[in-house]
>>> print(open('query38.pdb').read())   # PDB, C-alpha atoms
ATOM      1  CA  GLU A   1      -6.658  34.211  59.294
ATOM      2  CA  VAL A   2      -7.056  30.807  60.904
ATOM      3  CA  GLN A   3      -3.882  29.545  62.558
ATOM      4  CA  LEU A   4      -3.186  26.296  64.376
ATOM      5  CA  VAL A   5       0.229  25.980  65.985
ATOM      6  CA  GLU A   6       1.304  22.703  67.529
ATOM      7  CA  SER A   7       4.049  22.179  70.083
ATOM      8  CA  GLY A   8       5.332  19.558  72.484
ATOM      9  CA  GLY A   9       6.732  16.945  70.131
ATOM     10  CA  GLY A  10      10.111  15.350  70.641
ATOM     11  CA  LEU A  11      12.065  12.171  71.249
ATOM     12  CA  VAL A  12      10.732   9.845  73.942
ATOM     13  CA  GLN A  13      11.573   6.303  74.982
ATOM     14  CA  PRO A  14       9.081   3.462  74.558
ATOM     15  CA  GLY A  15       6.682   3.455  77.475
ATOM     16  CA  GLY A  16       7.175   7.168  78.040
ATOM     17  CA  SER A  17       4.748  10.085  77.914
ATOM     18  CA  LEU A  18       4.415  13.300  75.981
ATOM     19  CA  ARG A  19       1.860  16.111  75.949
ATOM     20  CA  LEU A  20       1.093  17.890  72.705
ATOM     21  CA  SER A  21      -0.516  21.316  72.568
ATOM     22  CA  CYS A  22      -2.178  23.296  69.824
ATOM     23  CA  THR A  23      -2.906  27.013  70.029
ATOM     24  CA  ALA A  24      -5.714  28.224  67.807
ATOM     25  CA  SER A  25      -6.444  31.715  66.515
ATOM     26  CA  GLY A  26      -8.463  33.439  63.830
ATOM     27  CA  PHE A  27     -11.773  31.711  64.568
ATOM     28  CA  THR A  28     -14.160  31.122  67.452
ATOM     29  CA  PHE A  29     -12.448  28.045  68.885
ATOM     30  CA  SER A  30     -15.310  27.030  71.170
ATOM     31  CA  TYR A  31     -17.688  26.599  68.228
ATOM     32  CA  TYR A  32     -15.823  23.767  66.530
ATOM     33  CA  TRP A  33     -14.956  20.139  67.059
ATOM     34  CA  MET A  34     -11.197  19.634  67.000
ATOM     35  CA  HIS A  35      -9.121  16.637  65.968
ATOM     36  CA  TRP A  36      -5.664  15.135  65.988
ATOM     37  CA  VAL A  37      -4.512  13.378  62.827
ATOM     38  CA  ARG A  38      -1.113  11.722  62.499
ATOM     39  CA  GLN A  39       1.193  10.732  59.676
ATOM     40  CA  ALA A  40       4.035   8.278  60.153
ATOM     41  CA  PRO A  41       7.171   9.045  58.121
ATOM     42  CA  GLY A  42       6.496   8.298  54.457
ATOM     43  CA  LYS A  43       3.008   7.016  55.222
ATOM     44  CA  GLY A  44      -0.581   8.202  54.921
ATOM     45  CA  LEU A  45      -2.909  10.185  57.137
ATOM     46  CA  VAL A  46      -4.588   8.488  60.083
ATOM     47  CA  TRP A  47      -7.318   9.948  62.268
ATOM     48  CA  VAL A  48      -6.388   9.764  65.965
ATOM     49  CA  SER A  49      -8.912  11.554  68.164
ATOM     50  CA  ARG A  50     -11.633  14.218  68.321
ATOM     51  CA  ILE A  51     -13.302  16.363  70.944
ATOM     52  CA  ARG A  52     -16.671  18.083  70.971
ATOM     53  CA  THR A  53     -16.975  21.840  71.184
ATOM     54  CA  ASP A  54     -17.477  21.890  74.959
ATOM     55  CA  GLY A  55     -15.195  18.943  75.711
ATOM     56  CA  SER A  56     -18.095  16.749  76.796
ATOM     57  CA  MET A  57     -17.448  14.050  74.211
ATOM     58  CA  THR A  58     -14.193  12.503  73.063
ATOM     59  CA  ASN A  59     -13.411   9.651  70.678
ATOM     60  CA  TYR A  60     -10.252   7.729  69.870
ATOM     61  CA  ALA A  61      -8.917   5.382  67.247
ATOM     62  CA  ASP A  62      -8.653   1.831  68.575
ATOM     63  CA  SER A  63      -4.861   1.997  68.250
ATOM     64  CA  VAL A  64      -4.575   4.739  70.892
ATOM     65  CA  LYS A  65      -7.635   4.137  73.078
ATOM     66  CA  GLY A  66      -6.714   3.891  76.735
ATOM     67  CA  ARG A  67      -3.295   5.479  76.164
ATOM     68  CA  PHE A  68      -4.091   8.920  74.707
ATOM     69  CA  THR A  69      -6.343  11.622  76.170
ATOM     70  CA  ILE A  70      -7.610  14.614  74.229
ATOM     71  CA  SER A  71      -8.714  17.770  76.019
ATOM     72  CA  ARG A  72      -9.340  21.447  75.322
ATOM     73  CA  ASP A  73      -9.385  24.786  77.103
ATOM     74  CA  ASN A  74     -11.833  27.090  75.355
ATOM     75  CA  ALA A  75     -10.818  30.040  77.520
ATOM     76  CA  LYS A  76      -7.240  29.755  76.244
ATOM     77  CA  ASN A  77      -8.073  28.493  72.734
ATOM     78  CA  THR A  78      -5.899  25.447  73.195
ATOM     79  CA  LEU A  79      -6.171  21.753  72.352
ATOM     80  CA  GLN A  80      -4.070  19.075  74.031
ATOM     81  CA  LEU A  81      -3.180  15.454  73.497
ATOM     82  CA  GLN A  82      -1.743  13.567  76.458
ATOM     83  CA  MET A  83       0.112  10.537  75.148
ATOM     84  CA  ASN A  84       1.060   7.762  77.584
ATOM     85  CA  SER A  85       2.606   4.311  77.173
ATOM     86  CA  LEU A  86       4.101   5.379  73.886
ATOM     87  CA  ARG A  87       5.154   2.754  71.351
ATOM     88  CA  ALA A  88       7.463   2.833  68.362
ATOM     89  CA  GLU A  89       4.421   2.730  66.095
ATOM     90  CA  ASP A  90       3.233   6.057  67.536
ATOM     91  CA  THR A  91       6.160   7.758  65.794
ATOM     92  CA  ALA A  92       4.568  10.310  63.491
ATOM     93  CA  LEU A  93       3.915  13.925  62.668
ATOM     94  CA  TYR A  94       0.851  14.939  64.686
ATOM     95  CA  TYR A  95      -1.473  17.506  63.157
ATOM     96  CA  CYS A  96      -3.995  19.630  65.010
ATOM     97  CA  VAL A  97      -7.035  19.950  62.768
ATOM     98  CA  LYS A  98     -10.196  22.038  62.816
ATOM     99  CA  GLU A  99     -13.385  20.369  61.696
ATOM    100  CA  GLY A 100     -15.439  22.159  59.068
ATOM    101  CA  ALA A 101     -19.185  22.302  58.578
ATOM    102  CA  TYR A 102     -19.448  19.172  56.416
ATOM    103  CA  ALA A 103     -17.489  16.554  58.355
ATOM    104  CA  ASP A 104     -14.317  17.758  56.696
ATOM    105  CA  PHE A 105     -11.006  19.082  57.973
ATOM    106  CA  ASP A 106     -10.770  22.649  56.773
ATOM    107  CA  TYR A 107      -7.675  23.878  58.573
ATOM    108  CA  TRP A 108      -4.499  22.054  59.583
ATOM    109  CA  GLY A 109      -1.524  23.042  61.673
ATOM    110  CA  GLN A 110       2.017  22.408  60.470
ATOM    111  CA  GLY A 111       2.395  19.412  62.753
ATOM    112  CA  THR A 112       4.684  18.422  65.599
ATOM    113  CA  LEU A 113       6.962  15.402  65.306
ATOM    114  CA  VAL A 114       6.854  12.646  67.891
ATOM    115  CA  THR A 115       9.627  10.068  67.788
ATOM    116  CA  VAL A 116       9.428   7.012  70.042
ATOM    117  CA  SER A 117      12.760   5.266  70.188
ATOM    118  CA  SER A 118      15.289   3.949  72.665
TER
ATOM    119  CA  GLN B   1      -9.458  -0.283  60.816
ATOM    120  CA  SER B   2      -9.093  -0.436  57.009
ATOM    121  CA  ALA B   3      -8.180   2.627  55.038
ATOM    122  CA  LEU B   4     -10.061   3.589  51.908
ATOM    123  CA  THR B   5      -8.387   2.224  48.787
ATOM    124  CA  GLN B   6      -6.692   4.617  46.371
ATOM    125  CA  PRO B   7      -4.294   3.859  43.510
ATOM    126  CA  PRO B   8      -0.694   4.486  44.627
ATOM    127  CA  SER B   9       0.050   6.711  41.659
ATOM    128  CA  ALA B  10      -1.468   8.613  38.765
ATOM    129  CA  SER B  11       0.076  10.829  36.138
ATOM    130  CA  GLY B  12      -0.676  13.095  33.225
ATOM    131  CA  SER B  13       0.920  15.689  31.007
ATOM    132  CA  PRO B  14       0.325  19.404  31.521
ATOM    133  CA  GLY B  15      -3.144  20.322  30.328
ATOM    134  CA  GLN B  16      -4.461  16.778  30.584
ATOM    135  CA  SER B  17      -6.846  15.382  33.194
ATOM    136  CA  VAL B  18      -6.271  12.791  35.856
ATOM    137  CA  THR B  19      -8.888  10.998  37.940
ATOM    138  CA  ILE B  20      -8.212   9.370  41.297
ATOM    139  CA  SER B  21     -10.564   6.783  42.749
ATOM    140  CA  CYS B  22     -11.301   6.182  46.429
ATOM    141  CA  THR B  23     -13.071   2.942  47.260
ATOM    142  CA  GLY B  24     -14.677   2.211  50.588
ATOM    143  CA  THR B  25     -17.721   0.370  51.833
ATOM    144  CA  SER B  26     -21.364   1.015  52.582
ATOM    145  CA  SER B  27     -20.257   1.934  56.124
ATOM    146  CA  ASP B  28     -18.246   4.922  54.985
ATOM    147  CA  VAL B  29     -18.123   6.266  51.408
ATOM    148  CA  GLY B  30     -21.358   4.580  50.375
ATOM    149  CA  GLY B  31     -23.206   5.475  53.534
ATOM    150  CA  TYR B  32     -22.633   9.212  53.775
ATOM    151  CA  ASN B  33     -22.248  12.167  51.447
ATOM    152  CA  TYR B  34     -19.310  13.381  53.509
ATOM    153  CA  VAL B  35     -16.321  12.692  51.315
ATOM    154  CA  SER B  36     -13.445  15.164  51.273
ATOM    155  CA  TRP B  37     -10.152  15.352  49.413
ATOM    156  CA  TYR B  38      -6.798  16.771  50.544
ATOM    157  CA  GLN B  39      -3.701  17.846  48.649
ATOM    158  CA  GLN B  40      -0.337  17.494  50.340
ATOM    159  CA  HIS B  41       2.882  18.836  48.922
ATOM    160  CA  PRO B  42       6.156  17.396  50.302
ATOM    161  CA  GLY B  43       6.909  18.707  53.762
ATOM    162  CA  LYS B  44       3.631  20.611  53.961
ATOM    163  CA  ALA B  45       0.373  20.152  55.810
ATOM    164  CA  PRO B  46      -2.618  18.761  53.922
ATOM    165  CA  LYS B  47      -4.967  21.266  52.278
ATOM    166  CA  LEU B  48      -8.701  20.783  51.831
ATOM    167  CA  MET B  49      -9.566  20.681  48.122
ATOM    168  CA  ILE B  50     -13.063  19.137  48.024
ATOM    169  CA  TYR B  51     -15.696  18.692  50.720
ATOM    170  CA  ASP B  52     -19.205  17.264  50.803
ATOM    171  CA  VAL B  53     -18.296  15.030  47.799
ATOM    172  CA  ASN B  54     -18.180  17.799  45.195
ATOM    173  CA  LYS B  55     -17.890  21.256  46.763
ATOM    174  CA  ARG B  56     -14.785  23.438  46.520
ATOM    175  CA  PRO B  57     -13.616  25.730  49.315
ATOM    176  CA  SER B  58     -13.017  29.327  48.398
ATOM    177  CA  GLY B  59      -9.750  29.691  46.512
ATOM    178  CA  VAL B  60      -9.584  26.171  45.109
ATOM    179  CA  PRO B  61      -9.572  26.274  41.295
ATOM    180  CA  ASP B  62     -12.545  24.805  39.455
ATOM    181  CA  ARG B  63     -10.103  22.453  37.745
ATOM    182  CA  PHE B  64     -10.646  20.271  40.806
ATOM    183  CA  SER B  65     -13.917  18.361  40.941
ATOM    184  CA  GLY B  66     -15.337  15.514  42.970
ATOM    185  CA  SER B  67     -18.016  12.888  42.514
ATOM    186  CA  LYS B  68     -19.322   9.701  44.085
ATOM    187  CA  SER B  69     -21.059   6.562  42.879
ATOM    188  CA  GLY B  70     -21.946   3.855  45.346
ATOM    189  CA  ASN B  71     -18.933   3.006  47.499
ATOM    190  CA  THR B  72     -16.428   4.829  45.267
ATOM    191  CA  ALA B  73     -15.600   8.517  45.237
ATOM    192  CA  SER B  74     -13.436  10.221  42.636
ATOM    193  CA  LEU B  75     -11.332  13.348  42.319
ATOM    194  CA  THR B  76     -10.649  14.765  38.865
ATOM    195  CA  VAL B  77      -7.956  17.326  38.208
ATOM    196  CA  SER B  78      -8.400  18.939  34.815
ATOM    197  CA  GLY B  79      -5.900  21.078  32.955
ATOM    198  CA  LEU B  80      -2.992  19.658  34.944
ATOM    199  CA  GLN B  81      -0.396  22.153  36.085
ATOM    200  CA  ALA B  82       3.060  21.586  37.532
ATOM    201  CA  ASP B  83       1.904  22.673  40.989
ATOM    202  CA  ASP B  84      -0.741  19.930  41.016
ATOM    203  CA  GLU B  85       2.042  17.401  41.531
ATOM    204  CA  ALA B  86       1.411  16.231  45.099
ATOM    205  CA  ASP B  87      -0.079  13.485  47.226
ATOM    206  CA  TYR B  88      -3.859  13.352  47.372
ATOM    207  CA  TYR B  89      -5.911  11.745  50.118
ATOM    208  CA  CYS B  90      -9.617  11.081  50.279
ATOM    209  CA  CYS B  91     -11.464  10.954  53.571
ATOM    210  CA  SER B  92     -14.938   9.776  54.484
ATOM    211  CA  TYR B  93     -17.130  10.150  57.518
ATOM    212  CA  ALA B  94     -17.818   6.663  58.869
ATOM    213  CA  GLY B  95     -20.231   7.348  61.700
ATOM    214  CA  SER B  96     -18.971   5.168  64.528
ATOM    215  CA  ASN B  97     -17.420   6.670  67.646
ATOM    216  CA  SER B  98     -14.324   4.501  67.378
ATOM    217  CA  ARG B  99     -13.917   5.211  63.676
ATOM    218  CA  PRO B 100     -15.731   8.437  62.823
ATOM    219  CA  TYR B 101     -13.370   9.237  59.971
ATOM    220  CA  VAL B 102     -11.281   7.114  57.631
ATOM    221  CA  PHE B 103      -8.639   8.321  55.213
ATOM    222  CA  GLY B 104      -7.598   6.830  51.916
ATOM    223  CA  THR B 105      -4.217   5.263  51.289
ATOM    224  CA  GLY B 106      -3.080   8.232  49.242
ATOM    225  CA  THR B 107      -2.224   8.788  45.577
ATOM    226  CA  LYS B 108       0.922  10.397  44.254
ATOM    227  CA  VAL B 109       0.069  12.537  41.228
ATOM    228  CA  THR B 110       2.945  13.189  38.861
ATOM    229  CA  VAL B 111       2.817  15.842  36.156
ATOM    230  CA  LEU B 112       4.919  14.482  33.309
TER
END
>>> encode(input="query38.pdb", output="structure tokens")
Amino acid sequence: EVQLVESGGGLVQPGGSLRLSCTASGFTFSYYWMHWVRQAPGKGLVWVSRIRTDGSMTNYADSVKGRFTISRDNAKNTLQLQMNSLRAEDTALYYCVKEGAYADFDYWGQGTLVTVSS
Amino acid sequence: QSALTQPPSASGSPGQSVTISCTGTSSDVGGYNYVSWYQQHPGKAPKLMIYDVNKRPSGVPDRFSGSKSGNTASLTVSGLQADDEADYYCCSYAGSNSRPYVFGTGTKVTVL
């Protein structure tokens, strides 16, 4: 059974940093691109970032480029998102997502909540 | 970065059908056959319902179907059931490195 378990969310002040983690199990982690997708309270889904299977390529939404860094450890089956210079508009539930074979998102974690507020 | 356009709400009685549209551009929906649909119940993570425009993952009832014409994709839920009441989001591959994926604005489906 595929499982994605996020951790690391919490309350942080504007300008602060947070590091999210996602532990994957039930599939060969190193074979798949992985993503972060976020959802602000009461709002829709927004793609945030992705990373290639071997970590050699990363992409970011314009809204987080230069502030967020995605990484992965295939030996430990973990995905990370380092979030710096956080803003109020980064407040959201952050989902760790596995990419499927057809440019889809076939498995989602339960999400970890990030709240940016003073 | 514009989201794909979906109607805010749709509704139908049990047993009826409801169709949700998802309108993009030639750079996303119209340019690729990589449209997917997600169901999200309150407080839950999204669930993949349709991928590759019209394919269903294992375990998704055949009451759910997808299609695409030009820059607009559609999700049809036939034989509405109470558990189909949820938010639905479309998503399209968009190709660029700064915007490889774009989600729709979301549609709340209500079973009357």
>>> resolve_selection(input="query38.pdb", expression="the ChimeraX specification (/B :<9) & /A", output="PDB file with C-alpha atoms, in the frame of the given file")
ATOM      1  CA  LYS A  43       3.008   7.016  55.222  1.00  0.00           C
ATOM      2  CA  GLY A  44      -0.581   8.202  54.921  1.00  0.00           C
ATOM      3  CA  LEU A  45      -2.909  10.185  57.137  1.00  0.00           C
ATOM      4  CA  VAL A  46      -4.588   8.488  60.083  1.00  0.00           C
ATOM      5  CA  TRP A  47      -7.318   9.948  62.268  1.00  0.00           C
ATOM      6  CA  SER A  49      -8.912  11.554  68.164  1.00  0.00           C
ATOM      7  CA  ARG A  50     -11.633  14.218  68.321  1.00  0.00           C
ATOM      8  CA  THR A  58     -14.193  12.503  73.063  1.00  0.00           C
ATOM      9  CA  ASN A  59     -13.411   9.651  70.678  1.00  0.00           C
ATOM     10  CA  TYR A  60     -10.252   7.729  69.870  1.00  0.00           C
ATOM     11  CA  ALA A  61      -8.917   5.382  67.247  1.00  0.00           C
ATOM     12  CA  ASP A  62      -8.653   1.831  68.575  1.00  0.00           C
ATOM     13  CA  LYS A  65      -7.635   4.137  73.078  1.00  0.00           C
ATOM     14  CA  TYR A  95      -1.473  17.506  63.157  1.00  0.00           C
ATOM     15  CA  TYR A 102     -19.448  19.172  56.416  1.00  0.00           C
ATOM     16  CA  ALA A 103     -17.489  16.554  58.355  1.00  0.00           C
ATOM     17  CA  ASP A 104     -14.317  17.758  56.696  1.00  0.00           C
ATOM     18  CA  PHE A 105     -11.006  19.082  57.973  1.00  0.00           C
ATOM     19  CA  ASP A 106     -10.770  22.649  56.773  1.00  0.00           C
ATOM     20  CA  TYR A 107      -7.675  23.878  58.573  1.00  0.00           C
ATOM     21  CA  TRP A 108      -4.499  22.054  59.583  1.00  0.00           C
ATOM     22  CA  GLY A 109      -1.524  23.042  61.673  1.00  0.00           C
ATOM     23  CA  GLN A 110       2.017  22.408  60.470  1.00  0.00           C
ATOM     24  CA  GLY A 111       2.395  19.412  62.753  1.00  0.00           C
TER      25      GLY A 111
END
>>> atom_distance(input="query38.pdb", atom1="atom CA of Thr69 of chain A", atom2="atom CA of Leu18 of chain A")
10.9 Å
>>> residues_near_point(input="query38.pdb", point="(-12.1, 17.8, 66.1)", cutoff="8 Å", atoms="all atoms listed in the file", output="list of chain:residue names")
A:Tyr32, A:Trp33, A:Met34, A:His35, A:Trp36, A:Ser49, A:Arg50, A:Ile51, A:Arg52, A:Val97, A:Lys98, A:Glu99
>>> residues_around(input="query38.pdb", residues="Gly8 of chain A", least_positions_apart="6", cutoff="9 Å", atoms="only C-alpha atoms", output="VMD selection string")
chain A and resid 18 to 22 112 to 114
>>> residues_around(input="query38.pdb", residues="Gly55 of chain A", least_positions_apart="4", cutoff="9 Å", atoms="only C-alpha atoms", output="ChimeraX atom specification")
/A:33,51,70-74
>>> atom_distance(input="query38.pdb", atom1="atom CA of Ala73 of chain B", atom2="atom CA of Arg56 of chain B")
15.0 Å
>>> closest_residue(input="query38.pdb", among="A:Ala24, A:Val37, A:Ala92, A:Leu86", to="Gly66 of chain A", atoms="only C-alpha atoms")
A:Leu86
>>> resolve_selection(input="query38.pdb", expression="the PyMOL selection byres ((chain B and resi 14) around 10)", output="PDB file with C-alpha atoms, in the frame of the given file")
ATOM      1  CA  SER B  11       0.076  10.829  36.138  1.00  0.00           C
ATOM      2  CA  GLY B  12      -0.676  13.095  33.225  1.00  0.00           C
ATOM      3  CA  SER B  13       0.920  15.689  31.007  1.00  0.00           C
ATOM      4  CA  GLY B  15      -3.144  20.322  30.328  1.00  0.00           C
ATOM      5  CA  GLN B  16      -4.461  16.778  30.584  1.00  0.00           C
ATOM      6  CA  SER B  17      -6.846  15.382  33.194  1.00  0.00           C
ATOM      7  CA  SER B  78      -8.400  18.939  34.815  1.00  0.00           C
ATOM      8  CA  GLY B  79      -5.900  21.078  32.955  1.00  0.00           C
ATOM      9  CA  LEU B  80      -2.992  19.658  34.944  1.00  0.00           C
ATOM     10  CA  GLN B  81      -0.396  22.153  36.085  1.00  0.00           C
ATOM     11  CA  ALA B  82       3.060  21.586  37.532  1.00  0.00           C
ATOM     12  CA  ASP B  84      -0.741  19.930  41.016  1.00  0.00           C
ATOM     13  CA  THR B 110       2.945  13.189  38.861  1.00  0.00           C
ATOM     14  CA  VAL B 111       2.817  15.842  36.156  1.00  0.00           C
ATOM     15  CA  LEU B 112       4.919  14.482  33.309  1.00  0.00           C
TER      16      LEU B 112
END
>>> closest_residue(input="query38.pdb", among="B:Thr23, B:Lys108, B:Val18, B:Gly95", to="Thr5 of chain B", atoms="all atoms listed in the file")
B:Thr23
>>> residues_around(input="query38.pdb", residues="segment 64-70 of chain B", least_positions_apart="6", cutoff="6 Å", atoms="only C-alpha atoms", output="PyMOL selection string")
chain B and resi 30+53-54+76-77
>>> closest_residue(input="query38.pdb", among="B:Gly24, B:Gly31, B:Pro61, B:Pro42", to="Gln6 of chain B", atoms="all atoms listed in the file")
B:Gly24
>>> atom_distance(input="query38.pdb", atom1="atom CA of Tyr94 of chain A", atom2="atom CA of Pro14 of chain A")
17.2 Å
>>> resolve_selection(input="query38.pdb", expression="the PyMOL selection byres ((chain A and resi 27) around 10)", output="number ranges by chain")
A: 1-3, 24-26, 28-32, 77, 98
>>> write_last_selection(input="query38.pdb", atoms="C-alpha atoms", output="mmCIF file, in the coordinates of the input")
data_model
loop_
_atom_site.group_PDB
_atom_site.id
_atom_site.type_symbol
_atom_site.label_atom_id
_atom_site.label_comp_id
_atom_site.auth_asym_id
_atom_site.auth_seq_id
_atom_site.Cartn_x
_atom_site.Cartn_y
_atom_site.Cartn_z
ATOM 1 C CA GLU A 1 -6.658 34.211 59.294
ATOM 2 C CA VAL A 2 -7.056 30.807 60.904
ATOM 3 C CA GLN A 3 -3.882 29.545 62.558
ATOM 4 C CA ALA A 24 -5.714 28.224 67.807
ATOM 5 C CA SER A 25 -6.444 31.715 66.515
ATOM 6 C CA GLY A 26 -8.463 33.439 63.830
ATOM 7 C CA THR A 28 -14.160 31.122 67.452
ATOM 8 C CA PHE A 29 -12.448 28.045 68.885
ATOM 9 C CA SER A 30 -15.310 27.030 71.170
ATOM 10 C CA TYR A 31 -17.688 26.599 68.228
ATOM 11 C CA TYR A 32 -15.823 23.767 66.530
ATOM 12 C CA ASN A 77 -8.073 28.493 72.734
ATOM 13 C CA LYS A 98 -10.196 22.038 62.816
#
>>> closest_residue(input="query38.pdb", among="A:Ser17, A:Thr23, A:Gln80, A:Thr115", to="Arg67 of chain A", atoms="all atoms listed in the file")
A:Ser17
>>> axis_aligned_box(input="query38.pdb", around="segment 91-96 of chain B", padding_each_side="5 Å", output="lines of an AutoDock Vina configuration file")
center_x = -15.8
center_y = 8.1
center_z = 59.0
size_x = 18.8
size_y = 15.8
size_z = 21.0
>>> closest_residue(input="query38.pdb", among="B:Leu75, B:Pro8, B:Val29, B:Ser2", to="Asp62 of chain B", atoms="only C-alpha atoms")
B:Leu75
>>> residues_near_point(input="query38.pdb", point="(13.7, 7.3, 73.3)", cutoff="6 Å", atoms="all atoms listed in the file", output="MDAnalysis selection string")
chainID A and resid 11:13 116:118
